[in-house]
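Okay, input_7.txt is below, compact mmCIF, N, CA and C atoms:
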# COMPACT_ATOMS: atom_id res chain seq x y z
N VAL C 126 7.16 1.92 15.64
CA VAL C 126 6.09 1.65 14.68
C VAL C 126 6.34 0.30 14.03
N GLN C 127 5.29 -0.50 13.97
CA GLN C 127 5.38 -1.81 13.29
C GLN C 127 4.29 -1.91 12.24
N LEU C 128 4.66 -2.45 11.11
CA LEU C 128 3.72 -2.67 10.02
C LEU C 128 3.80 -4.14 9.61
N GLN C 129 2.65 -4.78 9.55
CA GLN C 129 2.59 -6.19 9.19
C GLN C 129 1.67 -6.35 7.99
N ALA C 130 2.26 -6.69 6.85
CA ALA C 130 1.48 -6.85 5.62
C ALA C 130 1.06 -8.30 5.42
N SER C 131 -0.09 -8.47 4.81
CA SER C 131 -0.59 -9.81 4.51
C SER C 131 -1.49 -9.76 3.29
N GLY C 132 -1.80 -10.94 2.75
CA GLY C 132 -2.79 -11.01 1.68
C GLY C 132 -2.24 -11.24 0.30
N GLY C 133 -0.93 -11.32 0.15
CA GLY C 133 -0.39 -11.58 -1.17
C GLY C 133 -0.71 -13.00 -1.63
N GLY C 134 -0.35 -13.27 -2.88
CA GLY C 134 -0.58 -14.60 -3.41
C GLY C 134 -0.45 -14.62 -4.91
N ALA C 135 -0.93 -15.71 -5.50
CA ALA C 135 -0.87 -15.88 -6.95
C ALA C 135 -2.28 -15.87 -7.52
N VAL C 136 -2.43 -15.19 -8.63
CA VAL C 136 -3.75 -15.07 -9.26
C VAL C 136 -3.55 -14.95 -10.76
N GLN C 137 -4.57 -15.32 -11.50
CA GLN C 137 -4.51 -15.15 -12.95
C GLN C 137 -4.87 -13.73 -13.33
N ALA C 138 -4.42 -13.33 -14.50
CA ALA C 138 -4.74 -12.00 -15.01
C ALA C 138 -6.25 -11.80 -15.03
N GLY C 139 -6.65 -10.60 -14.61
CA GLY C 139 -8.07 -10.30 -14.51
C GLY C 139 -8.66 -10.55 -13.15
N GLY C 140 -7.91 -11.23 -12.31
CA GLY C 140 -8.38 -11.56 -10.98
C GLY C 140 -8.17 -10.43 -9.99
N SER C 141 -8.47 -10.72 -8.72
CA SER C 141 -8.40 -9.72 -7.66
C SER C 141 -7.66 -10.28 -6.45
N LEU C 142 -7.04 -9.38 -5.73
CA LEU C 142 -6.43 -9.69 -4.44
C LEU C 142 -6.63 -8.49 -3.53
N ARG C 143 -6.63 -8.77 -2.24
CA ARG C 143 -6.73 -7.68 -1.26
C ARG C 143 -5.57 -7.82 -0.29
N LEU C 144 -4.77 -6.77 -0.20
CA LEU C 144 -3.67 -6.73 0.75
C LEU C 144 -4.11 -5.95 1.98
N SER C 145 -3.59 -6.34 3.12
CA SER C 145 -3.90 -5.64 4.36
C SER C 145 -2.62 -5.37 5.12
N CYS C 146 -2.57 -4.24 5.77
CA CYS C 146 -1.41 -3.84 6.56
C CYS C 146 -1.89 -3.44 7.95
N ALA C 147 -1.43 -4.16 8.95
CA ALA C 147 -1.77 -3.84 10.34
C ALA C 147 -0.68 -2.95 10.91
N ALA C 148 -1.08 -1.77 11.38
CA ALA C 148 -0.13 -0.79 11.89
C ALA C 148 -0.26 -0.68 13.40
N SER C 149 0.86 -0.57 14.09
CA SER C 149 0.84 -0.47 15.55
C SER C 149 2.03 0.34 16.04
N GLY C 150 2.01 0.69 17.30
CA GLY C 150 3.15 1.34 17.91
C GLY C 150 2.98 2.83 18.19
N ARG C 151 1.92 3.40 17.64
CA ARG C 151 1.66 4.82 17.90
C ARG C 151 0.27 5.14 17.36
N THR C 152 -0.20 6.32 17.61
CA THR C 152 -1.40 6.82 16.94
C THR C 152 -0.96 7.45 15.62
N PHE C 153 -1.80 7.33 14.61
CA PHE C 153 -1.38 7.75 13.28
C PHE C 153 -2.05 9.04 12.82
N THR C 154 -2.58 9.77 13.76
CA THR C 154 -3.12 11.09 13.43
C THR C 154 -2.03 11.93 12.79
N ASN C 155 -2.38 12.57 11.67
CA ASN C 155 -1.43 13.39 10.91
C ASN C 155 -0.30 12.59 10.27
N TRP C 156 -0.54 11.33 10.04
CA TRP C 156 0.41 10.49 9.32
C TRP C 156 -0.19 10.07 7.98
N ASN C 157 0.67 9.67 7.07
CA ASN C 157 0.26 9.15 5.77
C ASN C 157 0.62 7.69 5.67
N MET C 158 -0.22 6.95 4.97
CA MET C 158 0.02 5.53 4.75
C MET C 158 0.14 5.28 3.25
N ALA C 159 0.86 4.25 2.89
CA ALA C 159 1.06 4.01 1.47
C ALA C 159 1.34 2.54 1.20
N TRP C 160 1.13 2.17 -0.03
CA TRP C 160 1.58 0.89 -0.57
C TRP C 160 2.57 1.17 -1.69
N PHE C 161 3.69 0.46 -1.65
CA PHE C 161 4.70 0.50 -2.69
C PHE C 161 4.82 -0.91 -3.26
N ARG C 162 5.50 -1.00 -4.39
CA ARG C 162 5.85 -2.31 -4.93
C ARG C 162 7.21 -2.25 -5.58
N GLN C 163 7.83 -3.41 -5.64
CA GLN C 163 9.17 -3.49 -6.22
C GLN C 163 9.36 -4.79 -6.95
N VAL C 164 9.91 -4.66 -8.15
CA VAL C 164 10.30 -5.81 -8.96
C VAL C 164 11.82 -5.90 -8.92
N PRO C 165 12.39 -7.08 -8.83
CA PRO C 165 13.86 -7.21 -8.79
C PRO C 165 14.52 -6.45 -9.94
N GLY C 166 15.52 -5.66 -9.60
CA GLY C 166 16.24 -4.91 -10.61
C GLY C 166 15.64 -3.57 -10.96
N LYS C 167 14.49 -3.26 -10.35
CA LYS C 167 13.84 -1.98 -10.62
C LYS C 167 13.67 -1.19 -9.33
N GLU C 168 13.45 0.10 -9.47
CA GLU C 168 13.23 0.94 -8.31
C GLU C 168 11.86 0.67 -7.70
N ARG C 169 11.79 0.92 -6.40
CA ARG C 169 10.51 0.78 -5.71
C ARG C 169 9.55 1.84 -6.24
N GLU C 170 8.32 1.43 -6.48
CA GLU C 170 7.30 2.30 -7.07
C GLU C 170 6.21 2.58 -6.04
N GLU C 171 5.85 3.81 -5.90
CA GLU C 171 4.74 4.19 -5.03
C GLU C 171 3.44 3.88 -5.76
N VAL C 172 2.60 3.05 -5.19
CA VAL C 172 1.37 2.59 -5.83
C VAL C 172 0.18 3.45 -5.42
N ALA C 173 0.04 3.66 -4.12
CA ALA C 173 -1.12 4.41 -3.62
C ALA C 173 -0.80 4.98 -2.24
N THR C 174 -1.37 6.13 -1.97
CA THR C 174 -1.20 6.74 -0.65
C THR C 174 -2.55 7.19 -0.11
N ILE C 175 -2.62 7.30 1.21
CA ILE C 175 -3.84 7.77 1.86
C ILE C 175 -3.46 8.53 3.12
N THR C 176 -4.15 9.62 3.37
CA THR C 176 -3.91 10.36 4.61
C THR C 176 -4.78 9.76 5.71
N TRP C 177 -4.18 9.62 6.88
CA TRP C 177 -4.90 8.97 7.98
C TRP C 177 -6.10 9.80 8.42
N ASN C 178 -5.91 11.12 8.47
CA ASN C 178 -6.98 11.96 9.02
C ASN C 178 -8.21 12.00 8.13
N TRP C 179 -7.99 12.35 6.84
CA TRP C 179 -9.13 12.63 5.96
C TRP C 179 -9.38 11.56 4.91
N GLY C 180 -8.44 10.64 4.79
CA GLY C 180 -8.63 9.60 3.78
C GLY C 180 -8.42 10.08 2.36
N THR C 181 -7.66 11.15 2.19
CA THR C 181 -7.33 11.64 0.86
C THR C 181 -6.39 10.65 0.17
N VAL C 182 -6.72 10.29 -1.06
CA VAL C 182 -5.97 9.23 -1.73
C VAL C 182 -5.29 9.75 -2.99
N ASN C 183 -4.21 9.05 -3.36
CA ASN C 183 -3.53 9.27 -4.63
C ASN C 183 -3.06 7.92 -5.16
N TYR C 184 -3.05 7.82 -6.48
CA TYR C 184 -2.67 6.56 -7.12
C TYR C 184 -1.66 6.79 -8.22
N ALA C 185 -0.82 5.80 -8.42
CA ALA C 185 0.03 5.80 -9.60
C ALA C 185 -0.86 5.63 -10.83
N ASP C 186 -0.45 6.25 -11.93
CA ASP C 186 -1.26 6.15 -13.16
C ASP C 186 -1.48 4.70 -13.57
N SER C 187 -0.50 3.87 -13.30
CA SER C 187 -0.57 2.48 -13.74
C SER C 187 -1.65 1.67 -13.03
N VAL C 188 -2.16 2.17 -11.92
CA VAL C 188 -3.16 1.40 -11.17
C VAL C 188 -4.49 2.13 -11.02
N LYS C 189 -4.57 3.35 -11.48
CA LYS C 189 -5.81 4.12 -11.35
C LYS C 189 -6.97 3.39 -11.99
N GLY C 190 -8.08 3.35 -11.28
CA GLY C 190 -9.27 2.68 -11.78
C GLY C 190 -9.29 1.19 -11.49
N ARG C 191 -8.17 0.64 -11.02
CA ARG C 191 -8.11 -0.80 -10.72
C ARG C 191 -7.86 -1.08 -9.25
N PHE C 192 -7.07 -0.23 -8.61
CA PHE C 192 -6.70 -0.42 -7.20
C PHE C 192 -7.42 0.61 -6.34
N THR C 193 -7.74 0.21 -5.11
CA THR C 193 -8.35 1.12 -4.15
C THR C 193 -7.66 0.96 -2.80
N ILE C 194 -7.17 2.08 -2.27
CA ILE C 194 -6.55 2.07 -0.94
C ILE C 194 -7.58 2.59 0.06
N SER C 195 -7.59 2.00 1.24
CA SER C 195 -8.51 2.45 2.28
C SER C 195 -7.87 2.23 3.64
N ARG C 196 -8.38 2.94 4.63
CA ARG C 196 -7.87 2.72 5.99
C ARG C 196 -9.04 2.59 6.95
N ASP C 197 -8.82 1.82 7.99
CA ASP C 197 -9.81 1.61 9.03
C ASP C 197 -9.20 2.13 10.32
N LYS C 198 -9.69 3.26 10.78
CA LYS C 198 -9.10 3.89 11.96
C LYS C 198 -9.31 3.06 13.22
N ALA C 199 -10.43 2.37 13.29
CA ALA C 199 -10.72 1.56 14.49
C ALA C 199 -9.79 0.35 14.58
N LYS C 200 -9.45 -0.22 13.43
CA LYS C 200 -8.61 -1.42 13.42
C LYS C 200 -7.14 -1.10 13.19
N ASN C 201 -6.83 0.15 12.84
CA ASN C 201 -5.45 0.54 12.49
C ASN C 201 -4.92 -0.30 11.34
N THR C 202 -5.72 -0.42 10.31
CA THR C 202 -5.29 -1.17 9.14
C THR C 202 -5.41 -0.31 7.88
N VAL C 203 -4.59 -0.64 6.91
CA VAL C 203 -4.63 -0.02 5.60
C VAL C 203 -4.71 -1.14 4.57
N ASP C 204 -5.70 -1.11 3.75
CA ASP C 204 -5.91 -2.17 2.76
C ASP C 204 -5.68 -1.66 1.35
N LEU C 205 -5.34 -2.58 0.48
CA LEU C 205 -5.21 -2.28 -0.94
C LEU C 205 -6.02 -3.33 -1.70
N GLN C 206 -7.13 -2.91 -2.23
CA GLN C 206 -7.95 -3.80 -3.06
C GLN C 206 -7.46 -3.69 -4.49
N MET C 207 -7.06 -4.82 -5.05
CA MET C 207 -6.49 -4.83 -6.40
C MET C 207 -7.39 -5.65 -7.31
N ASN C 208 -7.97 -4.98 -8.29
CA ASN C 208 -8.85 -5.63 -9.25
C ASN C 208 -8.25 -5.60 -10.64
N THR C 209 -8.79 -6.42 -11.50
CA THR C 209 -8.33 -6.49 -12.90
C THR C 209 -6.81 -6.54 -12.96
N LEU C 210 -6.25 -7.45 -12.21
CA LEU C 210 -4.80 -7.56 -12.12
C LEU C 210 -4.17 -7.95 -13.45
N LYS C 211 -2.98 -7.42 -13.68
CA LYS C 211 -2.23 -7.68 -14.90
C LYS C 211 -0.89 -8.32 -14.54
N PRO C 212 -0.29 -9.05 -15.47
CA PRO C 212 1.03 -9.63 -15.18
C PRO C 212 2.06 -8.59 -14.73
N GLU C 213 1.95 -7.39 -15.24
CA GLU C 213 2.90 -6.34 -14.85
C GLU C 213 2.67 -5.83 -13.43
N ASP C 214 1.64 -6.27 -12.77
CA ASP C 214 1.43 -5.96 -11.35
C ASP C 214 2.23 -6.88 -10.45
N THR C 215 2.84 -7.90 -11.03
CA THR C 215 3.64 -8.83 -10.25
C THR C 215 4.80 -8.10 -9.58
N ALA C 216 4.90 -8.24 -8.27
CA ALA C 216 5.92 -7.53 -7.50
C ALA C 216 5.81 -7.93 -6.03
N VAL C 217 6.77 -7.50 -5.26
CA VAL C 217 6.64 -7.54 -3.81
C VAL C 217 6.02 -6.21 -3.38
N TYR C 218 4.95 -6.30 -2.61
CA TYR C 218 4.23 -5.10 -2.19
C TYR C 218 4.57 -4.81 -0.72
N TYR C 219 4.82 -3.54 -0.45
CA TYR C 219 5.19 -3.10 0.89
C TYR C 219 4.23 -2.02 1.35
N CYS C 220 3.83 -2.08 2.61
CA CYS C 220 3.13 -0.94 3.19
C CYS C 220 4.16 -0.07 3.92
N ALA C 221 3.85 1.20 4.00
CA ALA C 221 4.78 2.15 4.59
C ALA C 221 3.99 3.28 5.24
N THR C 222 4.66 3.98 6.15
CA THR C 222 4.01 5.10 6.80
C THR C 222 5.02 6.17 7.16
N LYS C 223 4.52 7.40 7.27
CA LYS C 223 5.38 8.51 7.67
C LYS C 223 4.52 9.60 8.27
N SER C 224 5.16 10.44 9.02
CA SER C 224 4.50 11.67 9.45
C SER C 224 4.19 12.52 8.21
N SER C 225 3.09 13.22 8.24
CA SER C 225 2.75 14.05 7.08
C SER C 225 3.78 15.14 6.84
N ALA C 226 4.56 15.48 7.87
CA ALA C 226 5.59 16.51 7.73
C ALA C 226 6.89 15.94 7.18
N ALA C 227 7.05 14.64 7.18
CA ALA C 227 8.30 14.03 6.73
C ALA C 227 8.38 14.00 5.21
N ALA C 228 9.60 14.08 4.71
CA ALA C 228 9.79 14.08 3.26
C ALA C 228 9.68 12.68 2.68
N GLN C 229 10.10 11.69 3.44
CA GLN C 229 10.13 10.32 2.93
C GLN C 229 9.46 9.37 3.91
N PHE C 230 8.99 8.25 3.36
CA PHE C 230 8.39 7.24 4.22
C PHE C 230 9.46 6.63 5.11
N MET C 231 9.09 6.49 6.40
CA MET C 231 10.08 6.17 7.42
C MET C 231 10.01 4.74 7.91
N TYR C 232 8.83 4.17 7.86
CA TYR C 232 8.64 2.84 8.42
C TYR C 232 8.03 1.93 7.34
N TRP C 233 8.53 0.70 7.30
CA TRP C 233 8.15 -0.22 6.24
C TRP C 233 7.76 -1.57 6.81
N GLY C 234 6.77 -2.18 6.16
CA GLY C 234 6.43 -3.56 6.48
C GLY C 234 7.37 -4.50 5.77
N GLN C 235 7.15 -5.79 5.97
CA GLN C 235 8.10 -6.79 5.49
C GLN C 235 7.89 -7.18 4.03
N GLY C 236 6.82 -6.77 3.40
CA GLY C 236 6.60 -7.11 2.00
C GLY C 236 5.80 -8.38 1.84
N THR C 237 4.97 -8.39 0.82
CA THR C 237 4.19 -9.58 0.50
C THR C 237 4.18 -9.74 -1.02
N GLN C 238 4.39 -10.97 -1.48
CA GLN C 238 4.54 -11.24 -2.90
C GLN C 238 3.17 -11.33 -3.57
N VAL C 239 3.04 -10.64 -4.69
CA VAL C 239 1.87 -10.75 -5.56
C VAL C 239 2.36 -11.22 -6.92
N THR C 240 1.81 -12.32 -7.40
CA THR C 240 2.19 -12.88 -8.69
C THR C 240 0.95 -13.02 -9.55
N VAL C 241 0.98 -12.40 -10.73
CA VAL C 241 -0.14 -12.44 -11.65
C VAL C 241 0.31 -13.15 -12.91
N SER C 242 -0.34 -14.24 -13.22
CA SER C 242 0.03 -15.02 -14.41
C SER C 242 -0.92 -14.70 -15.56
N SER C 243 -0.37 -14.83 -16.75
CA SER C 243 -1.18 -14.51 -17.95
C SER C 243 -1.94 -15.72 -18.45

Will you turn the file into structure tokens for me?
Amino acid sequence: VQLQASGGGAVQAGGSLRLSCAASGRTFTNWNMAWFRQVPGKEREEVATITWNWGTVNYADSVKGRFTISRDKAKNTVDLQMNTLKPEDTAVYYCATKSSAAAQFMYWGQGTQVTVSS
């Protein structure tokens, strides 16, 4: 399984960015996809998850109402639309995937930097 994340960058507070993750190497039926983020010195935080089959989503409280995760089955991509960005959203963002039966996410992309200035 390979995950390739893209779309990070620098934006001012209140702005928007869209991250995309291209997934390959297998079919993702019955798998879950997710976006995490990490700030140096802090634990990795799960931002949003989506089930490949039904598109069921979950969000961290810190991003609810601002971020939207989606997947495109035809393109094998998972996107994270981030609106009303805040300086505290600054982090390296990672896409990840796992079998729905697995306890932990097993495969990770390389990370993309998001920087939000005030």

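Selecting strand (DSSP E) from the backbone DSSP output for stretch 147-179 of chain C yields Ala147, Ala148, Ser149, Trp156, Asn157, Met158, Ala159, Trp160, Phe161, Arg162, Gln163, Glu170, Glu171, Val172, Ala173, Thr174, Ile175 and Thr176 of chain C.
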
For this session: Please work out which residues fall within 6 Å of (2.2, -8.0, -7.0), coordinates as given in the file, with only C-alpha atoms counting, and return them as a PyMOL selection string.
Result: chain C and resi 214-218+238-240

For this session: With a distance cut-off of 6.5 Å and all atoms listed in the file, select the neighbouring residues of C:Thr176, excluding the residue or stretch itself and same-chain residues fewer than 4 positions from it, and output the selection as number ranges by chain.
Result: C: 156-158, 180-182

Kindly export the residues of the current selection with N, CA and C atoms, as a PDB file, keeping the file's coordinate frame.
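Result file selection31.pdb:
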ATOM      1  N   TRP C 156      -0.540  11.330  10.040  1.00  0.00           N
ATOM      2  CA  TRP C 156       0.410  10.490   9.320  1.00  0.00           C
ATOM      3  C   TRP C 156      -0.190  10.070   7.980  1.00  0.00           C
ATOM      4  N   ASN C 157       0.670   9.670   7.070  1.00  0.00           N
ATOM      5  CA  ASN C 157       0.260   9.150   5.770  1.00  0.00           C
ATOM      6  C   ASN C 157       0.620   7.690   5.670  1.00  0.00           C
ATOM      7  N   MET C 158      -0.220   6.950   4.970  1.00  0.00           N
ATOM      8  CA  MET C 158       0.020   5.530   4.750  1.00  0.00           C
ATOM      9  C   MET C 158       0.140   5.280   3.250  1.00  0.00           C
ATOM     10  N   GLY C 180      -8.440  10.640   4.790  1.00  0.00           N
ATOM     11  CA  GLY C 180      -8.630   9.600   3.780  1.00  0.00           C
ATOM     12  C   GLY C 180      -8.420  10.080   2.360  1.00  0.00           C
ATOM     13  N   THR C 181      -7.660  11.150   2.190  1.00  0.00           N
ATOM     14  CA  THR C 181      -7.330  11.640   0.860  1.00  0.00           C
ATOM     15  C   THR C 181      -6.390  10.650   0.170  1.00  0.00           C
ATOM     16  N   VAL C 182      -6.720  10.290  -1.060  1.00  0.00           N
ATOM     17  CA  VAL C 182      -5.970   9.230  -1.730  1.00  0.00           C
ATOM     18  C   VAL C 182      -5.290   9.750  -2.990  1.00  0.00           C
TER      19      VAL C 182
END

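Of the listed residues (C:Gln206, C:Ala185, C:Gln127, C:Asn155), C:Gln127 comes nearest to C:Gly234; the distances count only N, CA and C atoms.
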
Exercise. Rounded to one decimal in Å, what is the spacing between atom C of C:Ala148 and atom C of C:Ser224?
Worked result: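 Calculated distance between atom C of C:Ala148 and atom C of C:Ser224 is 14.9 Å.
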
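Here atom N of C:Gln137 stands at a distance of 22.9 Å from atom CA of C:Val203.
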
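Each of C:Ala138, C:Val241, C:Ala130, C:Ala159 was compared to C:Glu171 using only C-alpha atoms, and C:Ala159 turns out to be the nearest.
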
Exercise. Is there a way to get, as a list in words, all residues within 8 Å of the point (5.8, -1.1, -0.5) in file coordinates, counting only N, CA and C atoms?
Worked result: Ala159, Trp160, Phe161, Arg162, Gln163, Arg169, Glu170, Glu171, Val172, Val217, Tyr218, Tyr219, Cys220, Ala221, Trp233, Gly234, Gln235, Gly236 and Thr237 of chain C

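Using only C-alpha atoms, the protein and nucleic acid residues lying no more than 9 Å from C:Asn208, apart from those fewer than 5 places from it along its own chain, are Gly139, Gly140, Ser141, Leu142, Arg143, Gly190, Arg191, Phe192 and Thr193 of chain C.
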
Pull N, CA and C atoms from the residues just selected and write them as a CSV table (one decimal), in the coordinates of the input.
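Final output, result-v5.csv:
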chain,number,residue,atom,x,y,z
C,139,GLY,N,-6.6,-10.6,-14.6
C,139,GLY,CA,-8.1,-10.3,-14.5
C,139,GLY,C,-8.7,-10.6,-13.2
C,140,GLY,N,-7.9,-11.2,-12.3
C,140,GLY,CA,-8.4,-11.6,-11.0
C,140,GLY,C,-8.2,-10.4,-10.0
C,141,SER,N,-8.5,-10.7,-8.7
C,141,SER,CA,-8.4,-9.7,-7.7
C,141,SER,C,-7.7,-10.3,-6.4
C,142,LEU,N,-7.0,-9.4,-5.7
C,142,LEU,CA,-6.4,-9.7,-4.4
C,142,LEU,C,-6.6,-8.5,-3.5
C,143,ARG,N,-6.6,-8.8,-2.2
C,143,ARG,CA,-6.7,-7.7,-1.3
C,143,ARG,C,-5.6,-7.8,-0.3
C,190,GLY,N,-8.1,3.4,-11.3
C,190,GLY,CA,-9.3,2.7,-11.8
C,190,GLY,C,-9.3,1.2,-11.5
C,191,ARG,N,-8.2,0.6,-11.0
C,191,ARG,CA,-8.1,-0.8,-10.7
C,191,ARG,C,-7.9,-1.1,-9.2
C,192,PHE,N,-7.1,-0.2,-8.6
C,192,PHE,CA,-6.7,-0.4,-7.2
C,192,PHE,C,-7.4,0.6,-6.3
C,193,THR,N,-7.7,0.2,-5.1
C,193,THR,CA,-8.4,1.1,-4.2
C,193,THR,C,-7.7,1.0,-2.8

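The interatomic distance for the pair atom N of C:Tyr232 and atom C of C:Asn201 works out to 14.9 Å.
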
For this session: Go through C:Phe153, C:Ile194, C:Ser131, C:Leu144 one by one, measure the shortest atom-to-atom distance of each to C:Lys223 using all atoms listed in the file, and give the residue with the smallest value.
Result: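 Closest residue, counting all atoms listed in the file: C:Phe153.
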
Exercise. Smallest atom-to-atom distance to C:Ser145: which of C:Lys167, C:Lys189, C:Lys211, C:Lys200, using only C-alpha atoms?
Worked result: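 Of C:Lys167, C:Lys189, C:Lys211, C:Lys200, the one nearest C:Ser145 is C:Lys200, counting only C-alpha atoms.
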
Kindly add all heavy atoms to the incomplete stretch 180-188 of chain C and provide the output as a compact mmCIF listing (two decimals), in the frame of the given file.
# COMPACT_ATOMS: atom_id res chain seq x y z
N GLY C 180 -8.44 10.64 4.79
CA GLY C 180 -8.63 9.60 3.78
C GLY C 180 -8.42 10.08 2.36
O GLY C 180 -8.93 9.47 1.42
N THR C 181 -7.66 11.15 2.19
CA THR C 181 -7.33 11.64 0.86
C THR C 181 -6.39 10.65 0.17
O THR C 181 -5.40 10.23 0.75
CB THR C 181 -6.65 13.01 0.95
OG1 THR C 181 -7.52 13.91 1.65
CG2 THR C 181 -6.36 13.56 -0.44
N VAL C 182 -6.72 10.29 -1.06
CA VAL C 182 -5.97 9.23 -1.73
C VAL C 182 -5.29 9.75 -2.99
O VAL C 182 -5.71 10.71 -3.62
CB VAL C 182 -6.88 8.05 -2.09
CG1 VAL C 182 -7.49 7.44 -0.83
CG2 VAL C 182 -7.96 8.47 -3.07
N ASN C 183 -4.21 9.05 -3.36
CA ASN C 183 -3.53 9.27 -4.63
C ASN C 183 -3.06 7.92 -5.16
O ASN C 183 -2.72 7.03 -4.38
CB ASN C 183 -2.32 10.19 -4.45
CG ASN C 183 -2.72 11.65 -4.46
OD1 ASN C 183 -3.18 12.18 -5.47
ND2 ASN C 183 -2.57 12.30 -3.32
N TYR C 184 -3.05 7.82 -6.48
CA TYR C 184 -2.67 6.56 -7.12
C TYR C 184 -1.66 6.79 -8.22
O TYR C 184 -1.68 7.81 -8.90
CB TYR C 184 -3.90 5.88 -7.73
CG TYR C 184 -4.96 5.50 -6.73
CD1 TYR C 184 -6.05 6.32 -6.49
CD2 TYR C 184 -4.87 4.30 -6.02
CE1 TYR C 184 -7.03 5.98 -5.56
CE2 TYR C 184 -5.84 3.94 -5.09
CZ TYR C 184 -6.91 4.78 -4.87
OH TYR C 184 -7.86 4.43 -3.95
N ALA C 185 -0.82 5.80 -8.42
CA ALA C 185 0.03 5.80 -9.60
C ALA C 185 -0.86 5.63 -10.83
O ALA C 185 -1.90 4.95 -10.78
CB ALA C 185 1.04 4.66 -9.52
N ASP C 186 -0.45 6.25 -11.93
CA ASP C 186 -1.26 6.15 -13.16
C ASP C 186 -1.48 4.70 -13.57
O ASP C 186 -2.52 4.36 -14.13
CB ASP C 186 -0.57 6.92 -14.29
CG ASP C 186 -0.67 8.43 -14.10
OD1 ASP C 186 -1.51 8.89 -13.30
OD2 ASP C 186 0.11 9.15 -14.75
N SER C 187 -0.50 3.87 -13.30
CA SER C 187 -0.57 2.48 -13.74
C SER C 187 -1.65 1.67 -13.03
O SER C 187 -2.02 0.59 -13.51
CB SER C 187 0.79 1.81 -13.53
OG SER C 187 1.18 1.87 -12.18
N VAL C 188 -2.16 2.17 -11.92
CA VAL C 188 -3.16 1.40 -11.17
C VAL C 188 -4.49 2.13 -11.02
O VAL C 188 -5.45 1.57 -10.47
CB VAL C 188 -2.63 0.99 -9.78
CG1 VAL C 188 -1.30 0.26 -9.91
CG2 VAL C 188 -2.51 2.19 -8.85
